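Below is the file protein_16.cif, which contains mmCIF, C-alpha atoms and all ligand atoms.
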```
data_my_file
loop_
_atom_site.label_atom_id
_atom_site.label_comp_id
_atom_site.auth_asym_id
_atom_site.auth_seq_id
_atom_site.Cartn_x
_atom_site.Cartn_y
_atom_site.Cartn_z
CA MET A 641 -31.14 -37.44 -14.05
CA LYS A 642 -27.85 -35.87 -15.13
CA LYS A 643 -24.67 -37.69 -14.13
CA ILE A 644 -21.77 -35.39 -13.36
CA GLY A 645 -18.09 -35.55 -12.49
CA ILE A 646 -16.34 -32.86 -10.42
CA LEU A 647 -12.62 -32.06 -10.58
CA GLY A 648 -11.71 -30.25 -7.37
CA SER A 649 -14.70 -31.44 -5.32
CA THR A 650 -13.20 -30.43 -1.96
CA GLY A 651 -12.66 -26.76 -2.92
CA SER A 652 -14.85 -23.70 -2.80
CA ILE A 653 -16.58 -24.29 -6.17
CA GLY A 654 -16.54 -28.08 -5.71
CA THR A 655 -18.34 -28.05 -2.36
CA GLN A 656 -20.89 -25.50 -3.61
CA THR A 657 -21.54 -27.74 -6.63
CA LEU A 658 -22.23 -30.61 -4.22
CA ASP A 659 -24.62 -28.35 -2.25
CA ILE A 660 -26.61 -27.95 -5.46
CA VAL A 661 -26.59 -31.71 -6.06
CA ARG A 662 -27.79 -32.22 -2.47
CA ASN A 663 -30.70 -29.83 -3.10
CA ASN A 664 -31.67 -31.46 -6.42
CA PRO A 665 -31.49 -35.21 -5.78
CA ALA A 666 -34.02 -36.05 -8.49
CA ASP A 667 -32.10 -34.19 -11.21
CA LEU A 668 -28.39 -34.65 -10.49
CA SER A 669 -26.17 -37.52 -9.43
CA VAL A 670 -22.43 -37.65 -8.87
CA THR A 671 -20.51 -40.34 -10.71
CA ALA A 672 -16.92 -39.16 -10.27
CA LEU A 673 -15.01 -36.90 -7.88
CA ALA A 674 -11.40 -35.73 -7.80
CA ALA A 675 -9.40 -33.72 -5.28
CA GLY A 676 -5.83 -32.88 -4.32
CA SER A 677 -5.08 -34.19 -0.84
CA ASN A 678 -8.04 -33.65 1.51
CA ILE A 679 -8.66 -37.31 2.38
CA ASN A 680 -11.24 -36.75 5.09
CA LEU A 681 -13.49 -34.50 3.07
CA LEU A 682 -13.28 -36.71 -0.02
CA GLU A 683 -14.17 -39.72 2.15
CA ALA A 684 -17.22 -37.90 3.52
CA GLN A 685 -18.24 -36.93 -0.03
CA ILE A 686 -17.88 -40.53 -1.21
CA ARG A 687 -20.10 -41.75 1.64
CA GLU A 688 -22.74 -39.11 0.98
CA PHE A 689 -22.82 -39.04 -2.85
CA ARG A 690 -21.77 -42.63 -3.67
CA PRO A 691 -19.73 -41.92 -6.83
CA GLN A 692 -18.37 -44.86 -8.85
CA TYR A 693 -14.93 -43.23 -9.17
CA ALA A 694 -12.83 -40.94 -7.00
CA ALA A 695 -9.31 -39.65 -7.62
CA MET A 696 -6.69 -38.06 -5.38
CA TRP A 697 -3.73 -36.28 -6.91
CA ASN A 698 -1.41 -37.51 -4.21
CA GLU A 699 -0.56 -41.22 -4.49
CA GLU A 700 -0.11 -41.78 -0.74
CA ALA A 701 -3.38 -40.00 -0.01
CA ALA A 702 -5.08 -42.23 -2.59
CA ASN A 703 -3.73 -45.34 -0.85
CA GLU A 704 -4.95 -44.12 2.51
CA LEU A 705 -8.37 -43.29 1.08
CA ARG A 706 -8.61 -46.71 -0.59
CA ILE A 707 -8.33 -48.35 2.84
CA LYS A 708 -10.82 -45.97 4.46
CA VAL A 709 -13.53 -46.60 1.86
CA ALA A 710 -12.87 -50.31 1.30
CA ASP A 711 -16.43 -51.02 2.49
CA THR A 712 -17.86 -49.09 -0.49
CA PRO A 713 -17.79 -50.05 -4.20
CA VAL A 714 -15.97 -46.83 -5.25
CA LYS A 715 -12.87 -47.20 -7.44
CA ILE A 716 -9.99 -45.00 -6.19
CA LEU A 717 -7.56 -43.55 -8.74
CA SER A 718 -4.56 -41.24 -8.49
CA GLY A 719 -2.27 -38.78 -10.29
CA MET A 720 -2.80 -37.36 -13.78
CA ALA A 721 -4.01 -40.74 -15.06
CA GLY A 722 -6.67 -40.68 -12.32
CA LEU A 723 -7.78 -37.13 -13.19
CA ILE A 724 -8.07 -38.09 -16.84
CA GLU A 725 -9.99 -41.30 -16.09
CA VAL A 726 -12.43 -39.46 -13.81
CA SER A 727 -12.96 -36.88 -16.59
CA THR A 728 -13.66 -39.39 -19.34
CA VAL A 729 -15.56 -42.35 -17.78
CA PRO A 730 -18.44 -43.31 -20.09
CA GLU A 731 -21.12 -42.78 -17.40
CA ILE A 732 -20.69 -39.01 -16.94
CA GLU A 733 -22.47 -36.44 -19.12
CA MET A 734 -20.99 -33.28 -17.67
CA LEU A 735 -17.67 -32.45 -16.04
CA VAL A 736 -17.46 -29.54 -13.59
CA THR A 737 -13.86 -28.32 -13.76
CA ALA A 738 -13.40 -26.80 -10.30
CA ILE A 739 -9.74 -27.70 -9.92
CA VAL A 740 -7.36 -24.76 -9.46
CA GLY A 741 -4.61 -23.98 -11.98
CA MET A 742 -3.48 -25.15 -15.41
CA ILE A 743 -3.10 -28.70 -14.06
CA GLY A 744 -6.70 -28.97 -15.33
CA LEU A 745 -5.56 -28.66 -18.95
CA ARG A 746 -5.13 -32.29 -19.96
CA PRO A 747 -8.21 -33.66 -18.13
CA THR A 748 -10.40 -30.92 -19.64
CA ILE A 749 -9.16 -31.57 -23.18
CA GLU A 750 -9.62 -35.32 -22.76
CA ALA A 751 -13.15 -34.82 -21.40
CA ILE A 752 -14.11 -32.71 -24.43
CA LYS A 753 -12.60 -35.33 -26.75
CA ALA A 754 -14.76 -37.93 -24.96
CA GLY A 755 -17.85 -35.78 -25.72
CA LYS A 756 -18.54 -34.55 -22.18
CA ASP A 757 -20.28 -31.22 -21.61
CA ILE A 758 -18.10 -28.90 -19.52
CA ALA A 759 -19.07 -26.51 -16.73
CA LEU A 760 -15.88 -24.46 -16.62
CA ALA A 761 -14.73 -22.84 -13.38
CA ASN A 762 -11.06 -23.62 -14.04
CA LYS A 763 -10.28 -20.48 -16.08
CA GLU A 764 -6.50 -21.09 -16.10
CA THR A 765 -7.04 -23.94 -18.54
CA LEU A 766 -8.88 -21.79 -21.08
CA VAL A 767 -6.36 -18.96 -20.66
CA THR A 768 -3.43 -21.21 -21.57
CA ALA A 769 -5.09 -23.22 -24.34
CA GLY A 770 -8.16 -21.39 -25.66
CA HIS A 771 -6.89 -21.80 -29.23
CA LEU A 772 -6.97 -25.60 -28.81
CA ILE A 773 -10.09 -25.89 -26.65
CA MET A 774 -12.57 -23.69 -28.52
CA PRO A 775 -12.13 -25.44 -31.91
CA LEU A 776 -12.40 -28.80 -30.14
CA VAL A 777 -15.63 -27.72 -28.41
CA LYS A 778 -17.04 -26.81 -31.84
CA LYS A 779 -15.86 -30.01 -33.48
CA LYS A 780 -17.35 -32.19 -30.74
CA GLY A 781 -20.56 -30.15 -30.48
CA ILE A 782 -20.48 -30.22 -26.67
CA LYS A 783 -21.87 -27.59 -24.31
CA PHE A 784 -19.09 -25.45 -22.81
CA LEU A 785 -20.67 -23.40 -20.06
CA PRO A 786 -18.99 -20.72 -17.96
CA VAL A 787 -19.18 -20.95 -14.17
CA ASP A 788 -17.12 -17.82 -13.51
CA SER A 789 -19.76 -15.30 -12.36
CA GLU A 790 -18.80 -12.59 -14.87
CA HIS A 791 -18.80 -14.97 -17.81
CA SER A 792 -22.05 -16.56 -16.70
CA ALA A 793 -23.49 -13.01 -16.57
CA ILE A 794 -22.24 -12.28 -20.10
CA PHE A 795 -23.54 -15.63 -21.33
CA GLN A 796 -26.95 -14.93 -19.78
CA SER A 797 -26.97 -11.38 -21.17
CA LEU A 798 -26.20 -12.64 -24.67
CA ALA A 799 -29.17 -15.06 -24.59
CA SER A 800 -30.02 -15.55 -28.26
CA ALA A 801 -28.28 -12.39 -29.55
CA LYS A 802 -26.46 -12.63 -32.87
CA HIS A 803 -22.69 -12.51 -32.45
CA ASP A 804 -22.19 -9.60 -34.87
CA THR A 805 -24.50 -7.41 -32.78
CA ILE A 806 -22.07 -7.30 -29.83
CA LYS A 807 -20.41 -3.89 -29.49
CA GLN A 808 -18.48 -4.57 -26.32
CA ILE A 809 -18.32 -6.66 -23.20
CA ILE A 810 -18.20 -4.78 -19.92
CA LEU A 811 -16.46 -6.97 -17.38
CA THR A 812 -17.03 -5.80 -13.82
CA ALA A 813 -14.48 -6.18 -11.01
CA SER A 814 -14.91 -5.57 -7.30
CA GLY A 815 -11.39 -4.12 -7.12
CA GLY A 816 -10.48 -6.56 -4.34
CA PRO A 817 -9.27 -5.75 -0.82
CA PHE A 818 -6.66 -3.18 -1.97
CA ARG A 819 -8.83 -0.99 -4.18
CA GLY A 820 -7.71 2.65 -3.94
CA LYS A 821 -4.26 1.83 -2.52
CA SER A 822 -1.01 3.18 -4.01
CA ALA A 823 1.92 0.99 -5.14
CA HIS A 824 3.76 2.14 -2.03
CA GLU A 825 0.91 0.89 0.17
CA LEU A 826 0.67 -2.37 -1.77
CA ALA A 827 4.32 -3.19 -1.09
CA GLY A 828 3.68 -3.87 2.60
CA GLN A 829 0.55 -6.02 2.23
CA THR A 830 0.73 -9.44 3.86
CA LYS A 831 -0.86 -12.76 3.00
CA ALA A 832 -3.52 -12.19 5.67
CA ASP A 833 -4.37 -8.74 4.23
CA ALA A 834 -4.61 -10.11 0.69
CA LEU A 835 -6.85 -13.00 1.76
CA ARG A 836 -9.48 -10.58 3.13
CA HIS A 837 -11.75 -10.19 0.09
CA PRO A 838 -14.56 -7.67 0.63
CA ASN A 839 -17.39 -9.51 -1.23
CA TRP A 840 -16.54 -13.16 -2.05
CA THR A 841 -15.34 -16.20 -0.09
CA MET A 842 -13.19 -18.30 -2.43
CA GLY A 843 -10.11 -20.51 -2.59
CA GLN A 844 -6.78 -18.92 -1.60
CA LYS A 845 -5.26 -18.68 -5.08
CA ILE A 846 -8.17 -16.84 -6.69
CA THR A 847 -8.45 -14.57 -3.64
CA ILE A 848 -4.85 -13.43 -4.12
CA ASP A 849 -5.53 -13.08 -7.87
CA SER A 850 -8.43 -10.78 -6.99
CA ALA A 851 -6.13 -8.61 -4.88
CA THR A 852 -3.57 -8.27 -7.71
CA LEU A 853 -6.27 -7.95 -10.41
CA VAL A 854 -4.59 -10.89 -12.16
CA ASN A 855 -7.97 -12.60 -11.75
CA LYS A 856 -9.54 -9.88 -13.90
CA GLY A 857 -6.66 -10.28 -16.37
CA LEU A 858 -7.32 -14.02 -16.59
CA GLU A 859 -11.02 -13.23 -17.03
CA VAL A 860 -10.30 -10.87 -19.94
CA ILE A 861 -8.50 -13.72 -21.72
CA GLU A 862 -11.25 -16.14 -20.69
CA ALA A 863 -13.89 -13.80 -22.21
CA TYR A 864 -11.81 -13.41 -25.37
CA TRP A 865 -11.98 -17.17 -25.97
CA LEU A 866 -15.50 -17.83 -24.71
CA PHE A 867 -17.24 -15.06 -26.63
CA GLY A 868 -15.01 -14.69 -29.71
CA VAL A 869 -14.57 -10.92 -29.36
CA THR A 870 -11.42 -8.83 -29.85
CA ALA A 871 -9.35 -7.55 -26.91
CA GLU A 872 -10.52 -4.01 -27.82
CA GLN A 873 -14.12 -5.11 -27.30
CA ILE A 874 -13.47 -6.06 -23.65
CA LYS A 875 -13.70 -3.21 -21.15
CA VAL A 876 -13.02 -3.67 -17.45
CA ILE A 877 -14.69 -1.40 -14.91
CA ILE A 878 -14.51 -1.46 -11.14
CA HIS A 879 -17.89 -1.93 -9.48
CA PRO A 880 -17.20 -2.34 -5.74
CA GLN A 881 -20.67 -3.63 -4.77
CA SER A 882 -20.40 -6.77 -6.99
CA ILE A 883 -24.13 -6.65 -7.80
CA ILE A 884 -23.83 -6.24 -11.58
CA HIS A 885 -21.89 -9.36 -12.52
CA SER A 886 -21.05 -8.09 -16.05
CA MET A 887 -22.76 -6.60 -19.09
CA VAL A 888 -22.95 -6.69 -22.86
CA GLU A 889 -23.43 -3.58 -24.97
CA PHE A 890 -24.94 -4.15 -28.41
CA ILE A 891 -24.47 -2.15 -31.63
CA ASP A 892 -27.63 -0.13 -30.94
CA ARG A 893 -26.08 0.93 -27.54
CA GLY A 894 -28.60 -1.18 -25.65
CA ILE A 895 -27.01 -2.89 -22.66
CA MET A 896 -27.98 -6.22 -21.08
CA ALA A 897 -26.66 -7.08 -17.61
CA GLN A 898 -27.11 -9.86 -15.08
CA LEU A 899 -27.42 -8.84 -11.44
CA GLY A 900 -27.52 -10.76 -8.21
CA THR A 901 -26.04 -11.07 -4.75
CA PRO A 902 -22.45 -12.36 -4.73
CA ASP A 903 -23.28 -16.08 -4.60
CA MET A 904 -21.43 -18.58 -6.84
CA LYS A 905 -24.27 -21.07 -6.49
CA LEU A 906 -26.27 -19.20 -9.14
CA PRO A 907 -23.69 -19.42 -11.95
CA ILE A 908 -22.83 -23.02 -10.95
CA GLN A 909 -26.48 -24.06 -10.95
CA TYR A 910 -27.16 -22.17 -14.19
CA ALA A 911 -24.38 -24.16 -15.91
CA LEU A 912 -25.58 -27.47 -14.43
CA PHE A 913 -29.16 -27.04 -15.66
CA TYR A 914 -28.68 -24.85 -18.75
CA PRO A 915 -30.92 -23.93 -20.56
CA GLU A 916 -33.36 -24.44 -17.65
CA ARG A 917 -33.63 -22.23 -14.59
CA LYS A 918 -34.36 -23.80 -11.20
CA PRO A 919 -35.25 -22.27 -7.84
CA LEU A 920 -32.31 -21.34 -5.60
CA GLN A 921 -32.52 -20.54 -1.89
CA GLY A 922 -30.79 -17.43 -0.56
CA GLU A 923 -30.96 -13.66 -0.35
CA SER A 924 -32.23 -11.54 -3.24
CA VAL A 925 -30.59 -8.20 -4.09
CA ASP A 926 -31.96 -5.49 -1.81
CA PHE A 927 -31.66 -2.37 -3.97
CA LEU A 928 -32.97 -0.09 -1.23
CA ALA A 929 -30.33 -1.34 1.20
CA ALA A 930 -27.61 -1.09 -1.47
CA LYS A 931 -28.74 2.51 -2.26
CA ALA A 932 -26.11 3.08 -4.96
CA LEU A 933 -24.23 1.10 -7.55
CA THR A 934 -20.93 2.84 -8.28
CA PHE A 935 -18.25 2.54 -10.97
CA GLU A 936 -14.57 3.46 -11.22
CA GLU A 937 -11.74 3.26 -13.73
CA PRO A 938 -9.24 0.51 -12.79
CA ASP A 939 -5.83 1.86 -11.69
CA LEU A 940 -3.65 0.19 -14.31
CA ASP A 941 -0.40 1.82 -13.14
CA THR A 942 -0.71 0.26 -9.69
CA PHE A 943 -2.55 -3.00 -10.39
CA LYS A 944 -0.30 -4.32 -13.14
CA GLY A 945 -2.05 -7.69 -13.26
CA LEU A 946 -4.58 -6.26 -15.69
CA PRO A 947 -2.34 -4.48 -18.27
CA LEU A 948 0.02 -7.48 -18.27
CA ALA A 949 -2.91 -9.69 -19.32
CA PHE A 950 -3.73 -7.38 -22.25
CA SER A 951 -0.02 -7.53 -23.29
CA ALA A 952 -0.09 -11.33 -23.06
CA LEU A 953 -3.23 -11.44 -25.19
CA ALA A 954 -1.70 -9.08 -27.77
CA ALA A 955 1.48 -11.22 -27.96
CA GLY A 956 -0.73 -14.31 -28.34
CA GLY A 957 0.45 -17.91 -28.80
CA SER A 958 2.19 -19.21 -25.69
CA MET A 959 2.33 -15.81 -23.92
CA PRO A 960 -0.96 -16.12 -22.00
CA CYS A 961 0.36 -19.45 -20.70
CA VAL A 962 3.51 -17.71 -19.42
CA TYR A 963 1.41 -14.96 -17.83
CA ASN A 964 -0.66 -17.61 -16.07
CA ALA A 965 2.19 -19.96 -15.13
CA ALA A 966 4.31 -17.13 -13.69
CA ASN A 967 1.32 -16.00 -11.67
CA GLU A 968 0.58 -19.51 -10.36
CA LYS A 969 4.16 -19.89 -9.19
CA ALA A 970 4.36 -16.36 -7.78
CA VAL A 971 1.09 -16.75 -5.87
CA SER A 972 2.20 -20.01 -4.31
CA LEU A 973 5.46 -18.30 -3.22
CA PHE A 974 3.46 -15.37 -1.82
CA LEU A 975 1.20 -17.79 0.09
CA GLU A 976 4.34 -19.44 1.50
CA GLU A 977 5.43 -15.91 2.52
CA LYS A 978 8.62 -16.18 0.46
CA ILE A 979 7.99 -13.10 -1.69
CA GLY A 980 6.25 -9.76 -1.22
CA PHE A 981 3.02 -8.69 -2.88
CA LEU A 982 4.60 -6.52 -5.61
CA GLN A 983 7.04 -9.28 -6.53
CA ILE A 984 4.09 -11.15 -8.01
CA TYR A 985 3.99 -8.49 -10.77
CA GLU A 986 7.79 -8.49 -11.15
CA LEU A 987 7.88 -12.24 -11.69
CA ILE A 988 5.04 -12.20 -14.23
CA ALA A 989 6.58 -9.30 -16.16
CA GLY A 990 10.06 -10.90 -15.99
CA GLY A 991 8.79 -14.28 -17.18
CA MET A 992 6.94 -12.65 -20.08
CA ALA A 993 9.93 -10.49 -21.07
CA LYS A 994 12.18 -13.54 -21.25
CA HIS A 995 9.77 -15.75 -23.21
CA LYS A 996 9.98 -16.19 -26.97
CA VAL A 997 6.40 -16.64 -28.19
CA ILE A 998 5.44 -19.91 -29.82
CA LEU A 999 2.49 -19.30 -32.13
CA ASN A 1000 -0.29 -21.87 -32.04
CA PRO A 1001 1.37 -23.99 -29.30
CA SER A 1002 0.48 -27.67 -28.84
CA VAL A 1003 -0.35 -29.09 -25.38
CA GLU A 1004 3.31 -30.18 -25.13
CA ASP A 1005 4.50 -26.66 -26.05
CA ILE A 1006 2.20 -25.20 -23.39
CA LEU A 1007 3.50 -27.55 -20.71
CA ALA A 1008 7.09 -26.76 -21.81
CA ALA A 1009 6.38 -23.01 -21.56
CA GLU A 1010 4.99 -23.60 -18.06
CA LEU A 1011 8.17 -25.45 -17.04
CA GLU A 1012 10.41 -22.79 -18.62
CA THR A 1013 8.55 -20.14 -16.60
CA TYR A 1014 8.89 -22.07 -13.34
CA ASN A 1015 12.61 -22.54 -14.00
CA TYR A 1016 13.03 -18.83 -14.70
CA ILE A 1017 11.38 -17.96 -11.36
CA ASN A 1018 13.32 -20.56 -9.38
CA GLU A 1019 16.63 -19.35 -10.82
CA LYS A 1020 15.77 -15.70 -10.29
CA LEU A 1021 14.92 -16.30 -6.63
CA MET A 1022 18.02 -18.44 -6.04
CA ARG A 1023 20.22 -15.65 -7.38
CA LYS A 1024 18.64 -13.26 -4.88
CA VAL A 1025 19.35 -15.43 -1.83
P1 LIG B 1 -9.99 -24.12 -4.07
O1 LIG B 1 -8.57 -23.94 -3.76
O2 LIG B 1 -11.00 -23.82 -3.04
O3 LIG B 1 -10.24 -25.62 -4.56
C1 LIG B 1 -9.41 -26.23 -5.50
C2 LIG B 1 -9.77 -27.69 -5.64
O4 LIG B 1 -8.85 -28.29 -6.57
C3 LIG B 1 -9.65 -28.50 -4.34
O5 LIG B 1 -10.65 -29.49 -4.32
C4 LIG B 1 -8.29 -29.17 -4.48
O6 LIG B 1 -8.18 -30.37 -3.77
C5 LIG B 1 -8.28 -29.44 -5.97
N1 LIG B 1 -6.94 -29.63 -6.53
C6 LIG B 1 -5.89 -28.77 -6.49
N2 LIG B 1 -4.82 -29.32 -7.10
C7 LIG B 1 -5.21 -30.55 -7.52
C8 LIG B 1 -4.58 -31.60 -8.21
N3 LIG B 1 -3.30 -31.51 -8.61
N4 LIG B 1 -5.30 -32.72 -8.49
C9 LIG B 1 -6.59 -32.84 -8.10
N5 LIG B 1 -7.23 -31.87 -7.45
C10 LIG B 1 -6.55 -30.74 -7.16
O7 LIG B 1 -10.26 -23.28 -5.40
P2 LIG B 1 -11.63 -22.60 -5.88
O8 LIG B 1 -11.73 -21.25 -5.31
O9 LIG B 1 -12.75 -23.55 -5.74
O10 LIG B 1 -11.31 -22.38 -7.44
C11 LIG B 1 -11.34 -23.45 -8.35
C12 LIG B 1 -11.33 -22.87 -9.77
O11 LIG B 1 -12.52 -22.12 -9.96
C13 LIG B 1 -10.17 -21.92 -10.03
O12 LIG B 1 -9.73 -22.05 -11.36
C14 LIG B 1 -10.80 -20.55 -9.84
O13 LIG B 1 -10.17 -19.55 -10.60
C15 LIG B 1 -12.21 -20.80 -10.35
N6 LIG B 1 -13.22 -19.89 -9.78
C16 LIG B 1 -13.48 -19.91 -8.46
C17 LIG B 1 -14.43 -19.07 -7.92
C18 LIG B 1 -14.78 -19.10 -6.45
O14 LIG B 1 -15.70 -18.42 -6.04
N7 LIG B 1 -14.11 -19.88 -5.63
C19 LIG B 1 -15.10 -18.16 -8.75
C20 LIG B 1 -14.80 -18.17 -10.11
C21 LIG B 1 -13.87 -19.05 -10.63
MG MG B 2 -14.96 -14.16 -11.67
#
```

Go through the file and emit its structure as structure tokens.
Amino acid sequence: MKKIGILGSTGSIGTQTLDIVRNNPADLSVTALAAGSNINLLEAQIREFRPQYAAMWNEEAANELRIKVADTPVKILSGMAGLIEVSTVPEIEMLVTAIVGMIGLRPTIEAIKAGKDIALANKETLVTAGHLIMPLVKKKGIKFLPVDSEHSAIFQSLASAKHDTIKQIILTASGGPFRGKSAHELAGQTKADALRHPNWTMGQKITIDSATLVNKGLEVIEAYWLFGVTAEQIKVIIHPQSIIHSMVEFIDRGIMAQLGTPDMKLPIQYALFYPERKPLQGESVDFLAAKALTFEEPDLDTFKGLPLAFSALAAGGSMPCVYNAANEKAVSLFLEEKIGFLQIYELIAGGMAKHKVILNPSVEDILAAELETYNYINEKLMRKV
């Protein structure tokens, strides 16, 4: 029986993780849950999964929840201290980081320090602090398993391959809802348009990131840290059917790929049970119905989210944090319908242009770079009004 904690249990990855727990009651149990502000869903999860600890980001929501679940033995926590406690309690073996954004940074680092295995969905954390996290993972000897479908595919394709036999990683991208559109056409896209992803149902932030290709940019940086390859060894190709989840080419030109229907339950379950495989209900790939798997070059002039990520990676240090922080802020403004779609790129590029890189930043430096980026965006938008 593996005891797990889940940061972001009420979200898309969080609820799918709980579906897997529900289907494997003899193998998995939930000891700790954390969410932002969805009191009703967290209450239902507490009643069903009986965790010992649950945290809400919002203090008032935590107080309300405490009253609602007073008839159960669960301990309710709140704020950053609550997230960190949930991530480090002695009882859990593995933490599923399914929270959205770089707010997951401190809890993830503390969990690794406490010797917890990590199933990482929260890519923003690795993007901003890969240089701190990967050495810590090594030092602590914990398992650090990707949940992101592409990275799970790469991880599965690598199997027991020797690191120096990797020629390149081929990261596939669906292209999102705006594939094939011009910059002119992108300018008029609304929140509702951007939220209409062709293949995947996900949280709002990552769905917008898929439309801008910032998600693929974050995934390039995520792959850089997870697999210890150079930026030149990571190639992104558009594969609109989302059946090949990514590939690895080896030095002898042999290529290994992982394929499947677009269903996050597979990479989540693979991380939960690694190195075992377990049965999973659902549809198999129907190659005869799919007929063709196609590939395209990404349009880097239009979808600037991807080239900006390569620039951030080349600049190194605190720059990937600025790329990520500017995007987080810009996406939340886009979701509030305060800026247009193309302004997301302008704000990321502007934030990066203004930032002076700190090499090898500490957690404090990273959080300061995040704040500096938010301030830059707030000031820039105020000047416009
Ligand atoms: P989501 O918006 O559906 O869920 C986010 C979760 O985080 C919610 O439970 C929310 O309550 C919680 N949360 C947000 N802010 C919080 C805070 N301050 N304190 C505590 N909890 C907080 O997002 P999602 O789509 O599930 O994505 C989660 C992460 O997984 C992201 O980093 C995303 O990039 C990554 N990811 C998601 C998918 C997917 O299919 N959804 C695929 C690959 C990677
Ligand atoms: Mg992905």

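Across the structure, atom CA of A:Glu923 and atom CA of A:Pro817 are spaced 23.1 Å apart.
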
In the coordinate frame of the file, compute which residues have an atom within 10 Å of (-24.0, -5.0, -22.0) when using only C-alpha atoms, and state them as number ranges by chain.
-> A: 793-794, 797-798, 806-811, 886-890, 893-898

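Our summary of the geometry notes that atom CA of A:Leu723 is positioned 12.9 Å from atom CA of A:Met742.
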
Enumerate as a compact mmCIF listing (two decimals) with C-alpha atoms, in the frame of the given file the residues within 6 Å of ligand MG 2 (chain B), counting all atoms listed in the file.
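What landed in part.txt:
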```
# COMPACT_ATOMS: atom_id res chain seq x y z
CA ASP A 788 -17.12 -17.82 -13.51
CA SER A 789 -19.76 -15.30 -12.36
CA GLU A 790 -18.80 -12.59 -14.87
```

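Here atom CA of A:Leu735 is placed at a distance of 5.0 Å from atom CA of A:Ile758.
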
Mind listing whatever residues come within 12 Å of the point (-28.7, -23.7, -11.4)? Use only C-alpha atoms, file coordinates, and give them as a ChimeraX atom specification.
-> /A:656-661,663-664,667-668,759,785,787,792,903-921

Please identify all polymer residues within 9 Å of A:Ile1006, counting only C-alpha atoms, omitting same-chain residues fewer than 6 positions from it, and present them as a list in words.
-> Thr768, Ala769, Ser958, Cys961, Val962 and Ile998 of chain A

All heavy atoms modelled onto stretch 691-695 of chain A, as a PDB file, in the coordinates of the input:
```pdb
ATOM      1  N   PRO A 691     -20.221 -41.888  -5.450  1.00  0.00           N
ATOM      2  CA  PRO A 691     -19.730 -41.920  -6.830  1.00  0.00           C
ATOM      3  C   PRO A 691     -19.125 -43.286  -7.156  1.00  0.00           C
ATOM      4  O   PRO A 691     -18.752 -44.031  -6.237  1.00  0.00           O
ATOM      5  CB  PRO A 691     -18.629 -40.857  -6.827  1.00  0.00           C
ATOM      6  CG  PRO A 691     -18.128 -40.864  -5.414  1.00  0.00           C
ATOM      7  CD  PRO A 691     -19.324 -41.140  -4.553  1.00  0.00           C
ATOM      8  N   GLN A 692     -19.024 -43.610  -8.458  1.00  0.00           N
ATOM      9  CA  GLN A 692     -18.370 -44.860  -8.850  1.00  0.00           C
ATOM     10  C   GLN A 692     -16.850 -44.721  -8.850  1.00  0.00           C
ATOM     11  O   GLN A 692     -16.135 -45.695  -8.724  1.00  0.00           O
ATOM     12  CB  GLN A 692     -18.839 -45.270 -10.247  1.00  0.00           C
ATOM     13  CG  GLN A 692     -20.259 -45.797 -10.272  1.00  0.00           C
ATOM     14  CD  GLN A 692     -20.759 -45.864 -11.705  1.00  0.00           C
ATOM     15  OE1 GLN A 692     -21.452 -44.970 -12.174  1.00  0.00           O
ATOM     16  NE2 GLN A 692     -20.404 -46.912 -12.417  1.00  0.00           N
ATOM     17  N   TYR A 693     -16.375 -43.473  -9.075  1.00  0.00           N
ATOM     18  CA  TYR A 693     -14.930 -43.230  -9.170  1.00  0.00           C
ATOM     19  C   TYR A 693     -14.554 -42.039  -8.308  1.00  0.00           C
ATOM     20  O   TYR A 693     -15.320 -41.080  -8.223  1.00  0.00           O
ATOM     21  CB  TYR A 693     -14.518 -42.893 -10.613  1.00  0.00           C
ATOM     22  CG  TYR A 693     -14.991 -43.892 -11.632  1.00  0.00           C
ATOM     23  CD1 TYR A 693     -16.272 -43.789 -12.187  1.00  0.00           C
ATOM     24  CD2 TYR A 693     -14.160 -44.931 -12.055  1.00  0.00           C
ATOM     25  CE1 TYR A 693     -16.711 -44.702 -13.129  1.00  0.00           C
ATOM     26  CE2 TYR A 693     -14.600 -45.847 -12.996  1.00  0.00           C
ATOM     27  CZ  TYR A 693     -15.877 -45.732 -13.531  1.00  0.00           C
ATOM     28  OH  TYR A 693     -16.309 -46.632 -14.456  1.00  0.00           O
ATOM     29  N   ALA A 694     -13.359 -42.111  -7.703  1.00  0.00           N
ATOM     30  CA  ALA A 694     -12.830 -40.940  -7.000  1.00  0.00           C
ATOM     31  C   ALA A 694     -11.319 -40.931  -7.179  1.00  0.00           C
ATOM     32  O   ALA A 694     -10.676 -41.983  -7.119  1.00  0.00           O
ATOM     33  CB  ALA A 694     -13.198 -40.973  -5.522  1.00  0.00           C
ATOM     34  N   ALA A 695     -10.762 -39.744  -7.420  1.00  0.00           N
ATOM     35  CA  ALA A 695      -9.310 -39.650  -7.620  1.00  0.00           C
ATOM     36  C   ALA A 695      -8.703 -38.650  -6.655  1.00  0.00           C
ATOM     37  O   ALA A 695      -9.305 -37.614  -6.354  1.00  0.00           O
ATOM     38  CB  ALA A 695      -9.022 -39.217  -9.060  1.00  0.00           C
TER      39      ALA A 695
END
```
